[in-house]
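Source file: input-v5.cif; contents: mmCIF, C-alpha atoms and all ligand atoms.
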```
data_work
loop_
_atom_site.label_atom_id
_atom_site.label_comp_id
_atom_site.auth_asym_id
_atom_site.auth_seq_id
_atom_site.Cartn_x
_atom_site.Cartn_y
_atom_site.Cartn_z
CA MET G 1370 14.26 34.96 -23.14
CA ALA G 1371 14.36 32.08 -25.64
CA SER G 1372 15.69 31.04 -29.06
CA LEU G 1373 14.43 29.38 -32.22
CA TYR G 1374 16.34 26.92 -34.38
CA LEU G 1375 15.35 25.63 -37.82
CA HIS G 1376 17.05 22.59 -39.29
CA ILE G 1377 17.03 22.69 -43.09
CA PRO G 1378 17.87 19.11 -44.10
CA PHE G 1379 19.19 19.51 -47.64
CA CYS G 1380 22.69 19.61 -49.10
CA GLU G 1381 23.87 19.76 -52.66
CA HIS G 1382 26.34 17.00 -51.81
CA LYS G 1383 27.31 15.18 -48.59
CA CYS G 1384 30.81 16.13 -47.38
CA ILE G 1385 32.90 13.10 -46.35
CA TYR G 1386 33.24 14.11 -42.70
CA CYS G 1387 29.70 15.26 -41.95
CA ASP G 1388 27.22 13.41 -39.73
CA PHE G 1389 24.51 16.08 -39.57
CA TYR G 1390 21.14 14.94 -40.84
CA SER G 1391 20.70 16.13 -44.39
CA ILE G 1392 19.95 14.60 -47.74
CA ALA G 1393 21.66 15.14 -51.06
CA PRO G 1394 19.61 15.16 -54.30
CA HIS G 1395 20.47 11.55 -55.21
CA GLU G 1396 19.26 10.36 -51.76
CA GLY G 1397 15.90 12.12 -52.02
CA GLY G 1398 14.59 9.77 -54.67
CA GLY G 1399 13.59 12.49 -57.09
CA ASP G 1400 13.19 16.19 -57.60
CA GLN G 1401 14.88 18.08 -54.74
CA ASN G 1402 12.76 21.19 -55.33
CA ALA G 1403 9.60 19.14 -54.87
CA LEU G 1404 11.08 17.67 -51.72
CA ILE G 1405 11.93 21.13 -50.40
CA GLY G 1406 8.34 22.16 -51.12
CA ARG G 1407 6.97 19.24 -49.07
CA PHE G 1408 9.43 19.99 -46.27
CA LEU G 1409 8.35 23.65 -46.15
CA GLY G 1410 4.71 22.61 -45.89
CA ALA G 1411 5.53 20.32 -42.97
CA LEU G 1412 7.71 22.98 -41.33
CA ARG G 1413 4.78 25.44 -41.44
CA ARG G 1414 2.61 22.85 -39.73
CA GLU G 1415 5.23 22.24 -37.05
CA ILE G 1416 5.60 25.98 -36.40
CA ASP G 1417 1.81 26.22 -35.98
CA LEU G 1418 1.57 23.06 -33.88
CA ARG G 1419 4.05 24.35 -31.31
CA GLY G 1420 2.52 27.81 -31.29
CA THR G 1421 0.84 27.39 -27.92
CA ALA G 1422 1.61 28.23 -24.29
CA PRO G 1423 4.21 28.30 -22.83
CA PHE G 1424 6.12 28.78 -26.07
CA THR G 1425 4.10 31.75 -27.25
CA GLY G 1426 4.71 33.66 -24.01
CA ALA G 1427 8.50 33.96 -24.27
CA ASP G 1428 10.57 36.72 -25.84
CA TYR G 1429 12.73 35.26 -28.60
CA THR G 1430 16.06 37.01 -29.03
CA THR G 1431 17.68 34.74 -31.63
CA VAL G 1432 16.64 32.71 -34.67
CA TYR G 1433 19.09 30.35 -36.36
CA PHE G 1434 18.73 28.62 -39.73
CA GLY G 1435 21.12 25.64 -39.60
CA GLY G 1436 21.43 22.36 -41.36
CA GLY G 1437 22.15 20.94 -43.83
CA THR G 1438 22.47 23.89 -46.14
CA PRO G 1439 19.85 26.55 -45.38
CA SER G 1440 21.24 28.68 -48.22
CA LEU G 1441 19.69 26.16 -50.63
CA LEU G 1442 16.34 27.73 -49.68
CA PRO G 1443 15.23 30.61 -51.86
CA PRO G 1444 15.18 33.95 -49.95
CA GLU G 1445 11.39 34.09 -50.35
CA ALA G 1446 11.09 30.81 -48.41
CA VAL G 1447 13.31 32.15 -45.62
CA GLY G 1448 11.18 35.31 -45.50
CA GLU G 1449 8.01 33.25 -45.38
CA ILE G 1450 9.31 31.07 -42.53
CA LEU G 1451 10.33 34.15 -40.56
CA GLY G 1452 6.92 35.70 -41.17
CA ARG G 1453 5.20 32.56 -39.95
CA LEU G 1454 7.40 32.45 -36.85
CA ARG G 1455 6.65 36.09 -36.13
CA GLU G 1456 2.90 35.43 -36.32
CA LYS G 1457 3.16 32.77 -33.63
CA TYR G 1458 6.13 33.71 -31.47
CA ARG G 1459 7.24 37.01 -29.96
CA ILE G 1460 10.49 37.58 -31.84
CA ARG G 1461 12.19 40.76 -30.67
CA PRO G 1462 12.71 43.38 -33.39
CA ASP G 1463 16.44 43.42 -32.60
CA ALA G 1464 16.78 39.62 -32.65
CA GLU G 1465 19.97 38.08 -34.04
CA ILE G 1466 18.83 36.13 -37.11
CA THR G 1467 21.52 33.87 -38.57
CA LEU G 1468 21.64 31.86 -41.76
CA GLU G 1469 24.32 29.23 -42.34
CA VAL G 1470 25.67 29.75 -45.83
CA ASN G 1471 27.56 27.42 -48.13
CA PRO G 1472 29.57 29.64 -50.52
CA GLY G 1473 28.77 27.29 -53.40
CA THR G 1474 25.05 28.02 -53.23
CA VAL G 1475 24.73 31.82 -53.17
CA ASP G 1476 25.33 34.93 -55.25
CA GLY G 1477 24.89 38.67 -54.68
CA GLU G 1478 21.22 38.51 -55.55
CA SER G 1479 20.32 35.69 -53.17
CA LEU G 1480 22.33 37.26 -50.32
CA ALA G 1481 20.52 40.57 -50.89
CA GLY G 1482 17.27 38.58 -50.82
CA TYR G 1483 18.20 36.99 -47.49
CA ARG G 1484 18.95 40.43 -46.06
CA ARG G 1485 15.54 41.69 -47.21
CA ALA G 1486 13.96 38.58 -45.69
CA GLY G 1487 15.38 39.58 -42.29
CA ILE G 1488 18.73 37.77 -42.03
CA ASN G 1489 21.22 39.98 -40.16
CA ARG G 1490 24.06 37.49 -39.58
CA VAL G 1491 25.63 34.82 -41.79
CA SER G 1492 27.79 31.92 -40.74
CA ILE G 1493 29.80 30.92 -43.80
CA GLY G 1494 31.19 27.39 -44.02
CA ILE G 1495 34.61 27.94 -45.61
CA GLN G 1496 36.63 25.19 -43.87
CA SER G 1497 39.88 25.88 -45.75
CA PHE G 1498 41.39 28.31 -48.24
CA HIS G 1499 43.55 25.56 -49.78
CA GLU G 1500 41.97 24.02 -52.87
CA ASP G 1501 43.39 20.56 -52.15
CA ASP G 1502 41.87 20.62 -48.65
CA LEU G 1503 38.50 21.58 -50.13
CA SER G 1504 38.75 18.68 -52.58
CA PHE G 1505 39.71 16.27 -49.82
CA LEU G 1506 36.74 17.43 -47.70
CA THR G 1507 34.56 17.20 -50.84
CA ARG G 1508 33.28 20.73 -50.40
CA ILE G 1509 31.32 22.08 -53.36
CA HIS G 1510 33.02 25.50 -53.48
CA THR G 1511 36.43 26.99 -54.19
CA ALA G 1512 38.45 29.31 -51.96
CA GLU G 1513 37.72 32.19 -54.35
CA GLN G 1514 33.98 31.56 -54.05
CA ALA G 1515 34.33 31.60 -50.28
CA LYS G 1516 36.10 34.95 -50.33
CA ALA G 1517 33.59 36.38 -52.78
CA CYS G 1518 30.77 35.18 -50.52
CA VAL G 1519 32.09 37.28 -47.62
CA ARG G 1520 32.33 40.36 -49.86
CA LEU G 1521 28.87 39.80 -51.35
CA ALA G 1522 27.29 39.32 -47.92
CA ARG G 1523 28.68 42.68 -46.84
CA GLU G 1524 27.57 44.35 -50.06
CA ALA G 1525 24.12 42.91 -49.40
CA GLY G 1526 24.11 44.70 -46.04
CA ILE G 1527 24.92 41.74 -43.80
CA GLY G 1528 27.84 43.09 -41.78
CA ASN G 1529 27.89 40.44 -39.07
CA VAL G 1530 29.85 37.67 -40.74
CA SER G 1531 31.12 34.51 -39.09
CA LEU G 1532 33.50 32.04 -40.77
CA ASP G 1533 33.91 28.31 -40.07
CA LEU G 1534 37.30 26.68 -40.55
CA ILE G 1535 38.46 23.11 -39.90
CA PHE G 1536 41.94 22.29 -38.65
CA ALA G 1537 43.81 19.04 -37.97
CA LEU G 1538 43.29 17.82 -41.52
CA PRO G 1539 45.44 14.79 -42.36
CA GLY G 1540 49.04 15.88 -42.87
CA GLN G 1541 48.31 19.51 -41.98
CA THR G 1542 51.40 21.43 -40.85
CA PRO G 1543 51.23 24.50 -38.59
CA GLU G 1544 52.39 26.61 -41.59
CA ARG G 1545 49.50 25.46 -43.74
CA TRP G 1546 47.01 26.09 -40.97
CA ARG G 1547 48.53 29.50 -40.31
CA GLY G 1548 47.92 30.27 -44.00
CA ASN G 1549 44.23 29.59 -43.47
CA LEU G 1550 44.02 31.81 -40.42
CA GLU G 1551 45.84 34.60 -42.27
CA GLU G 1552 43.42 34.37 -45.19
CA ALA G 1553 40.55 34.52 -42.70
CA MET G 1554 42.01 37.61 -41.02
CA ALA G 1555 42.28 39.34 -44.40
CA LEU G 1556 38.48 39.00 -44.62
CA ALA G 1557 38.03 40.61 -41.17
CA PRO G 1558 35.09 38.52 -39.95
CA SER G 1559 33.35 39.52 -36.73
CA HIS G 1560 33.36 35.92 -35.52
CA ILE G 1561 35.26 32.76 -36.32
CA SER G 1562 34.67 29.11 -35.42
CA CYS G 1563 37.60 26.69 -35.68
CA TYR G 1564 36.80 23.01 -35.35
CA SER G 1565 39.21 20.13 -35.22
CA LEU G 1566 38.35 17.50 -37.84
CA ILE G 1567 36.51 14.73 -36.03
CA VAL G 1568 36.23 11.30 -37.63
CA GLU G 1569 32.55 10.62 -36.95
CA PRO G 1570 31.28 7.04 -37.16
CA ASP G 1571 29.29 6.10 -40.26
CA THR G 1572 30.84 8.75 -42.46
CA PRO G 1573 32.88 8.16 -45.63
CA LEU G 1574 35.86 9.64 -43.77
CA PHE G 1575 35.48 7.02 -41.05
CA ARG G 1576 35.55 4.27 -43.65
CA MET G 1577 38.61 5.84 -45.32
CA VAL G 1578 40.42 5.84 -41.98
CA GLN G 1579 39.42 2.24 -41.32
CA ALA G 1580 40.71 1.24 -44.75
CA LYS G 1581 43.96 3.08 -43.92
CA GLN G 1582 43.53 5.39 -46.91
CA VAL G 1583 43.65 8.35 -44.56
CA GLN G 1584 45.84 8.86 -41.51
CA PRO G 1585 44.27 11.30 -38.99
CA VAL G 1586 46.64 13.70 -37.23
CA ASP G 1587 47.79 12.56 -33.80
CA ALA G 1588 46.59 14.15 -30.57
CA GLU G 1589 49.84 16.05 -30.13
CA ARG G 1590 49.60 17.80 -33.51
CA ASP G 1591 45.90 18.46 -32.91
CA ALA G 1592 46.72 20.18 -29.59
CA GLU G 1593 49.60 22.11 -31.18
CA LEU G 1594 47.31 23.47 -33.92
CA TYR G 1595 44.59 24.29 -31.41
CA GLU G 1596 46.92 26.23 -29.11
CA PHE G 1597 48.36 28.03 -32.10
CA THR G 1598 44.81 29.01 -33.12
CA ILE G 1599 43.98 30.45 -29.72
CA ASP G 1600 47.19 32.52 -29.62
CA PHE G 1601 46.93 33.65 -33.22
CA LEU G 1602 43.33 34.79 -32.88
CA ALA G 1603 43.96 36.47 -29.51
CA ARG G 1604 46.78 38.49 -31.15
CA HIS G 1605 44.28 39.61 -33.79
CA GLY G 1606 41.68 40.71 -31.25
CA TYR G 1607 39.41 37.65 -31.26
CA ALA G 1608 38.54 36.52 -27.75
CA GLN G 1609 37.84 32.86 -27.16
CA TYR G 1610 34.43 32.49 -25.56
CA GLU G 1611 33.93 28.76 -26.15
CA VAL G 1612 36.15 25.79 -26.97
CA SER G 1613 35.81 26.37 -30.74
CA ASN G 1614 34.48 29.92 -30.96
CA PHE G 1615 36.20 33.30 -31.12
CA ALA G 1616 34.78 36.77 -31.60
CA LEU G 1617 35.61 40.44 -31.78
CA PRO G 1618 34.23 42.23 -28.70
CA GLY G 1619 30.42 42.29 -28.82
CA PHE G 1620 30.15 39.79 -31.68
CA GLU G 1621 29.85 36.54 -29.73
CA SER G 1622 27.09 34.42 -31.26
CA GLN G 1623 24.07 35.22 -29.11
CA HIS G 1624 22.34 32.10 -30.35
CA ASN G 1625 25.10 29.68 -29.37
CA SER G 1626 25.62 31.50 -26.09
CA ARG G 1627 21.99 30.81 -25.25
CA TYR G 1628 22.55 27.06 -25.69
CA TRP G 1629 25.52 27.21 -23.36
CA ASP G 1630 23.48 29.24 -20.88
CA HIS G 1631 20.74 26.63 -20.71
CA THR G 1632 18.26 29.15 -22.07
CA ASP G 1633 15.03 27.73 -23.49
CA TYR G 1634 14.99 27.02 -27.21
CA LEU G 1635 12.62 25.47 -29.69
CA GLY G 1636 13.91 23.48 -32.65
CA PHE G 1637 11.97 22.81 -35.85
CA GLY G 1638 12.73 20.43 -38.70
CA PRO G 1639 14.00 16.84 -38.87
CA SER G 1640 16.57 15.99 -36.14
CA ALA G 1641 16.16 19.39 -34.42
CA HIS G 1642 16.47 19.42 -30.64
CA SER G 1643 14.48 21.56 -28.20
CA PHE G 1644 15.06 22.42 -24.56
CA TRP G 1645 12.49 24.07 -22.34
CA SER G 1646 12.72 24.46 -18.59
CA ASP G 1647 13.90 21.00 -17.59
CA ARG G 1648 12.66 19.07 -20.61
CA ARG G 1649 14.52 18.13 -23.77
CA TRP G 1650 13.01 16.56 -26.87
CA TRP G 1651 14.23 15.86 -30.37
CA ASN G 1652 12.63 15.36 -33.75
CA ILE G 1653 12.81 12.31 -35.93
CA ALA G 1654 15.87 12.38 -38.22
CA ASN G 1655 13.98 11.29 -41.31
CA LEU G 1656 12.42 13.74 -43.73
CA GLN G 1657 9.71 11.43 -45.04
CA THR G 1658 8.52 10.45 -41.56
CA TYR G 1659 8.71 14.10 -40.49
CA VAL G 1660 6.47 15.12 -43.40
CA ASP G 1661 4.07 12.19 -42.86
CA ARG G 1662 3.66 12.79 -39.14
CA LEU G 1663 2.96 16.48 -39.55
CA GLY G 1664 0.59 15.64 -42.41
CA ARG G 1665 -1.46 13.70 -39.85
CA GLY G 1666 -1.23 16.60 -37.38
CA GLU G 1667 1.13 14.66 -35.10
CA PRO G 1668 4.30 16.12 -33.57
CA PRO G 1669 7.46 14.76 -35.23
CA THR G 1670 9.10 14.00 -31.88
CA ALA G 1671 11.42 10.98 -31.73
CA GLY G 1672 12.21 11.08 -28.03
CA GLU G 1673 12.24 13.22 -24.92
CA GLU G 1674 13.69 13.34 -21.44
CA SER G 1675 13.10 15.30 -18.29
CA LEU G 1676 16.25 16.34 -16.52
CA ASN G 1677 16.35 16.16 -12.74
CA ARG G 1678 18.18 18.74 -10.67
CA ASP G 1679 21.45 16.78 -10.59
CA GLN G 1680 21.42 16.29 -14.36
CA LEU G 1681 20.69 19.98 -14.95
CA MET G 1682 23.49 20.91 -12.58
CA GLU G 1683 25.96 18.59 -14.29
CA GLU G 1684 25.04 19.95 -17.72
CA SER G 1685 25.27 23.47 -16.47
CA ILE G 1686 28.85 22.85 -15.26
CA PHE G 1687 29.80 21.21 -18.54
CA LEU G 1688 28.23 23.93 -20.70
CA GLY G 1689 29.69 26.71 -18.55
CA LEU G 1690 33.22 25.33 -18.55
CA ARG G 1691 33.15 24.80 -22.31
CA SER G 1692 32.13 28.39 -22.87
CA SER G 1693 32.64 31.65 -20.98
CA GLY G 1694 32.66 30.09 -17.54
CA ILE G 1695 30.34 29.46 -14.61
CA ASP G 1696 28.81 32.40 -12.80
CA LEU G 1697 29.18 30.91 -9.32
CA GLU G 1698 26.63 33.23 -7.74
CA ARG G 1699 24.01 32.52 -10.41
CA PHE G 1700 24.75 28.81 -10.07
CA ARG G 1701 24.19 29.02 -6.30
CA ARG G 1702 20.87 30.82 -6.74
CA ARG G 1703 19.69 28.37 -9.40
CA PHE G 1704 20.71 25.11 -7.73
CA GLU G 1705 21.13 26.17 -4.09
CA ARG G 1706 24.59 24.72 -4.30
CA ASP G 1707 27.85 26.50 -3.51
CA LEU G 1708 30.32 25.11 -6.05
CA GLN G 1709 33.19 27.13 -4.66
CA ARG G 1710 32.71 25.53 -1.25
CA ASP G 1711 31.74 22.00 -2.35
CA PHE G 1712 34.53 21.70 -4.91
CA ALA G 1713 37.08 23.93 -3.18
CA GLY G 1714 39.84 21.31 -3.57
CA VAL G 1715 39.15 20.79 -7.29
CA ILE G 1716 38.94 24.51 -8.02
CA ASP G 1717 42.11 25.31 -6.06
CA ARG G 1718 44.01 22.63 -7.94
CA LEU G 1719 42.75 23.86 -11.33
CA VAL G 1720 43.78 27.41 -10.50
CA ALA G 1721 47.18 26.29 -9.14
CA ASP G 1722 47.79 24.26 -12.32
CA GLY G 1723 46.91 27.22 -14.52
CA LEU G 1724 43.86 25.46 -15.96
CA ALA G 1725 41.21 27.83 -14.60
CA THR G 1726 40.75 31.26 -13.04
CA VAL G 1727 38.20 32.61 -10.59
CA ASP G 1728 37.54 36.27 -11.17
CA ARG G 1729 34.59 38.13 -9.62
CA ALA G 1730 32.82 34.83 -8.91
CA GLN G 1731 33.28 33.61 -12.50
CA LEU G 1732 35.03 30.27 -12.82
CA ARG G 1733 36.47 29.89 -16.30
CA LEU G 1734 39.01 27.79 -18.07
CA THR G 1735 42.29 29.16 -19.35
CA ARG G 1736 43.72 28.37 -22.78
CA LYS G 1737 45.47 25.38 -21.22
CA GLY G 1738 42.21 24.36 -19.52
CA TYR G 1739 40.20 24.37 -22.78
CA LEU G 1740 42.62 21.75 -24.09
CA VAL G 1741 41.53 19.29 -21.40
CA CYS G 1742 38.00 20.57 -20.92
CA ASP G 1743 36.37 17.11 -20.91
CA GLU G 1744 38.70 15.78 -18.20
CA ILE G 1745 38.11 18.88 -16.08
CA CYS G 1746 34.32 18.46 -16.35
CA GLN G 1747 34.73 14.92 -14.99
CA SER G 1748 36.36 16.25 -11.83
CA PHE G 1749 33.11 18.03 -10.87
CA ARG G 1750 31.12 14.77 -10.67
S1 LIG B 1 27.43 21.18 -46.59
FE1 LIG B 1 27.54 21.21 -44.32
S2 LIG B 1 25.74 20.06 -43.61
FE2 LIG B 1 26.02 19.60 -45.80
S3 LIG B 1 27.20 17.73 -45.83
FE3 LIG B 1 28.68 19.43 -45.98
S4 LIG B 1 29.24 19.88 -43.85
FE4 LIG B 1 27.40 18.61 -43.79
#
```

Taking this structure as input, can you express it in the form of structure tokens?
Amino acid sequence: MASLYLHIPFCEHKCIYCDFYSIAPHEGGGDQNALIGRFLGALRREIDLRGTAPFTGADYTTVYFGGGTPSLLPPEAVGEILGRLREKYRIRPDAEITLEVNPGTVDGESLAGYRRAGINRVSIGIQSFHEDDLSFLTRIHTAEQAKACVRLAREAGIGNVSLDLIFALPGQTPERWRGNLEEAMALAPSHISCYSLIVEPDTPLFRMVQAKQVQPVDAERDAELYEFTIDFLARHGYAQYEVSNFALPGFESQHNSRYWDHTDYLGFGPSAHSFWSDRRWWNIANLQTYVDRLGRGEPPTAGEESLNRDQLMEESIFLGLRSSGIDLERFRRRFERDLQRDFAGVIDRLVADGLATVDRAQLRLTRKGYLVCDEICQSFR
């Protein structure tokens, strides 16, 4: 079992908080459509270049178009990429195929085109239903466009809809955040991701905070909003299966779950990461160099590392605790290490403090535990 990820490095505009690799039209030094054309040519070459053993022998159960803004690609381009992938890699007919969508870039026609191209799940970046929040975040869409996007996706035949929201915006009160969650519930998504606003270095938001133009919320308010989110969504039937992700039963993102499972995945496009067996590598985060390298028939890799058993084990604990827990039996078979015995003191204390549970050999964090997930991971070192 394995997964495919495609990083589409274009945005109509760079949001102030975002540190993902993508370029806006004014940064591309010219015609963005021409740039997209060159990128697609290079992407085809990368798909072909990697189309060898062992990658061609796996069964791929998920494909994910992320970015950037993949919904800037015309549906025909998405269909062509999927066709190319299918020629080289064994993608299962029932694979989950997700496209990240920015509501400011689509209409009914393009969403219907994506469905025809093979997209069966959309992850819609809404972030807030308050217009002033959207302006602050410099999103390119309105709340009405976001709502219409959900409706149009369904009309286009894409029933599996995930929404992204951001909480802990400067000055955000629990009432305002509740308003966002209520608006989201009215749209009845199958999946919802709620991220706390992080001030990433080298972003306009970072500089605004440094210049004291923006005051981030304090840790206490952040935790209050997060706990409220978990309770609110649980009451509405959405189970938390990762720190920031919630789903109706059966609608957990298969793609993300694979990452957290340490399943093999191949990433294509500038800045994309790949993980296979015990090796990780990542592509250069520069579109021009990516295109040039592939033009010369060279892989666009920027770096790689091989993980030893201890590193894999540590990652596996971290990824498991962040998501739906650690299957202790599977862990023992994989690493020949009995976590329950070796960390008996740590686990007992976590359970006694209400931070974790052990149920049928599955160690998982509680709501309270997710709040201090990073600290808990440290205790398994
Ligand atoms: S649209 Fe998404 S990827 Fe693009 S800048 Fe905004 S948050 Fe980042």

For chain G against ligand LIG 1 (chain B), with a cut-off of 12 Å and counting all atoms listed in the file, what is the closest atom pair and its distance in Å to one decimal for every residue that makes the cut, ordered by chain and number, as CSV?
```
residue,atom,partner,partner_atom,distance
G:His1376,CA,B:LIG1,S2,10.0
G:Ile1377,CA,B:LIG1,S2,9.1
G:Pro1378,CA,B:LIG1,S2,7.9
G:Phe1379,CA,B:LIG1,FE2,7.1
G:Cys1380,CA,B:LIG1,FE2,4.7
G:Glu1381,CA,B:LIG1,S1,7.2
G:His1382,CA,B:LIG1,S3,6.1
G:Lys1383,CA,B:LIG1,S3,3.8
G:Cys1384,CA,B:LIG1,FE3,4.2
G:Ile1385,CA,B:LIG1,S3,7.4
G:Tyr1386,CA,B:LIG1,S4,7.1
G:Cys1387,CA,B:LIG1,FE4,4.5
G:Asp1388,CA,B:LIG1,FE4,6.6
G:Phe1389,CA,B:LIG1,FE4,5.7
G:Tyr1390,CA,B:LIG1,S2,7.4
G:Ser1391,CA,B:LIG1,S2,6.4
G:Ile1392,CA,B:LIG1,FE2,8.1
G:Ala1393,CA,B:LIG1,S3,8.0
G:Pro1394,CA,B:LIG1,FE2,11.5
G:Phe1434,CA,B:LIG1,S2,11.7
G:Gly1435,CA,B:LIG1,S2,8.3
G:Gly1436,CA,B:LIG1,S2,5.4
G:Gly1437,CA,B:LIG1,S2,3.7
G:Thr1438,CA,B:LIG1,FE2,5.6
G:Pro1439,CA,B:LIG1,S2,8.9
G:Ser1440,CA,B:LIG1,S1,9.9
G:Leu1441,CA,B:LIG1,S1,10.1
G:Glu1469,CA,B:LIG1,FE1,8.9
G:Val1470,CA,B:LIG1,S1,8.8
G:Asn1471,CA,B:LIG1,S1,6.4
G:Pro1472,CA,B:LIG1,S1,9.6
G:Gly1473,CA,B:LIG1,S1,9.2
G:Thr1474,CA,B:LIG1,S1,9.8
G:Ser1492,CA,B:LIG1,FE1,11.3
G:Ile1493,CA,B:LIG1,FE1,10.0
G:Gly1494,CA,B:LIG1,FE1,7.2
G:Ile1495,CA,B:LIG1,S4,9.8
G:Gln1496,CA,B:LIG1,S4,9.1
G:Leu1503,CA,B:LIG1,FE3,10.9
G:Leu1506,CA,B:LIG1,FE3,8.5
G:Thr1507,CA,B:LIG1,FE3,7.9
G:Arg1508,CA,B:LIG1,FE3,6.5
G:Ile1509,CA,B:LIG1,S1,7.9
G:His1510,CA,B:LIG1,S1,9.9
G:Asp1533,CA,B:LIG1,S4,10.4
G:Leu1534,CA,B:LIG1,S4,11.0
G:Ile1535,CA,B:LIG1,S4,10.5
G:Tyr1564,CA,B:LIG1,S4,11.8
G:Leu1566,CA,B:LIG1,S4,11.2
G:Ile1567,CA,B:LIG1,S4,11.9
G:Glu1569,CA,B:LIG1,FE4,11.7
G:Thr1572,CA,B:LIG1,S3,10.3
G:Pro1573,CA,B:LIG1,S3,11.1
```

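Considering the residues G:Asn1625, G:Asn1614, G:Gln1582, G:Ser1559 and counting all atoms listed in the file, G:Gly1528 has its shortest atom-to-atom contact with G:Ser1559.
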
Which neighbours of G:Arg1729 fall inside 10 Å, counting only C-alpha atoms, when residues of the same chain fewer than 2 positions from it are skipped, and could you give them as a PyMOL selection string?
-> chain G and resi 1696-1698+1726-1727+1731-1732

Would you kindly return, as a ChimeraX atom specification, each protein, DNA or RNA residue with an atom no farther than 8 Å from any atom of G:Ala1481, considering all atoms listed in the file and excluding same-chain residues fewer than 6 positions away?
-> /G:1522,1525-1526

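Counting all atoms listed in the file, G:Arg1523 has the following residues at most 12 Å away, ignoring those fewer than 5 positions along the same chain: Asp1476, Gly1477, Leu1480, Ala1481, Tyr1483, Arg1484, Asn1489, Arg1490, Val1491, Lys1516, Ala1517, Cys1518, Gly1528, Asn1529, Val1530, Ser1531, Leu1556, Ala1557, Pro1558 and Ser1559 of chain G.
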
Min atom-atom distance to G:Tyr1739 from the set G:Glu1544, G:Glu1611, G:Asp1571, G:Asp1587, counting all atoms listed in the file, belongs to G:Glu1611

Missing atoms of stretch 1597-1612 of chain G rebuilt to N, CA and C atoms, written as a JSON list (two decimals), in the frame of the given file:
```json
[["chain", "number", "residue", "atom", "x", "y", "z"],
["G", 1597, "PHE", "N", 47.92, 27.00, -31.16],
["G", 1597, "PHE", "CA", 48.36, 28.03, -32.10],
["G", 1597, "PHE", "C", 47.18, 28.92, -32.49],
["G", 1598, "THR", "N", 46.03, 28.28, -32.72],
["G", 1598, "THR", "CA", 44.81, 29.01, -33.12],
["G", 1598, "THR", "C", 44.41, 30.02, -32.05],
["G", 1599, "ILE", "N", 44.41, 29.57, -30.81],
["G", 1599, "ILE", "CA", 43.98, 30.45, -29.72],
["G", 1599, "ILE", "C", 44.91, 31.67, -29.63],
["G", 1600, "ASP", "N", 46.22, 31.41, -29.70],
["G", 1600, "ASP", "CA", 47.19, 32.52, -29.62],
["G", 1600, "ASP", "C", 47.08, 33.46, -30.81],
["G", 1601, "PHE", "N", 46.99, 32.86, -31.99],
["G", 1601, "PHE", "CA", 46.93, 33.65, -33.22],
["G", 1601, "PHE", "C", 45.70, 34.58, -33.18],
["G", 1602, "LEU", "N", 44.56, 34.00, -32.85],
["G", 1602, "LEU", "CA", 43.33, 34.79, -32.88],
["G", 1602, "LEU", "C", 43.32, 35.83, -31.76],
["G", 1603, "ALA", "N", 43.89, 35.49, -30.60],
["G", 1603, "ALA", "CA", 43.96, 36.47, -29.51],
["G", 1603, "ALA", "C", 44.80, 37.67, -29.97],
["G", 1604, "ARG", "N", 45.91, 37.39, -30.67],
["G", 1604, "ARG", "CA", 46.78, 38.49, -31.15],
["G", 1604, "ARG", "C", 46.03, 39.37, -32.14],
["G", 1605, "HIS", "N", 45.04, 38.82, -32.81],
["G", 1605, "HIS", "CA", 44.28, 39.61, -33.79],
["G", 1605, "HIS", "C", 42.98, 40.16, -33.22],
["G", 1606, "GLY", "N", 42.83, 40.06, -31.90],
["G", 1606, "GLY", "CA", 41.68, 40.71, -31.25],
["G", 1606, "GLY", "C", 40.44, 39.85, -31.09],
["G", 1607, "TYR", "N", 40.58, 38.54, -31.38],
["G", 1607, "TYR", "CA", 39.41, 37.65, -31.26],
["G", 1607, "TYR", "C", 39.50, 36.90, -29.93],
["G", 1608, "ALA", "N", 38.54, 37.16, -29.07],
["G", 1608, "ALA", "CA", 38.54, 36.52, -27.75],
["G", 1608, "ALA", "C", 37.86, 35.16, -27.84],
["G", 1609, "GLN", "N", 38.45, 34.19, -27.19],
["G", 1609, "GLN", "CA", 37.84, 32.86, -27.16],
["G", 1609, "GLN", "C", 36.72, 32.88, -26.13],
["G", 1610, "TYR", "N", 35.52, 32.51, -26.54],
["G", 1610, "TYR", "CA", 34.43, 32.49, -25.56],
["G", 1610, "TYR", "C", 33.78, 31.12, -25.49],
["G", 1611, "GLU", "N", 34.36, 30.16, -26.21],
["G", 1611, "GLU", "CA", 33.93, 28.76, -26.15],
["G", 1611, "GLU", "C", 35.07, 27.95, -26.74],
["G", 1612, "VAL", "N", 35.05, 26.64, -26.51],
["G", 1612, "VAL", "CA", 36.15, 25.79, -26.97],
["G", 1612, "VAL", "C", 36.53, 26.08, -28.44]]
```
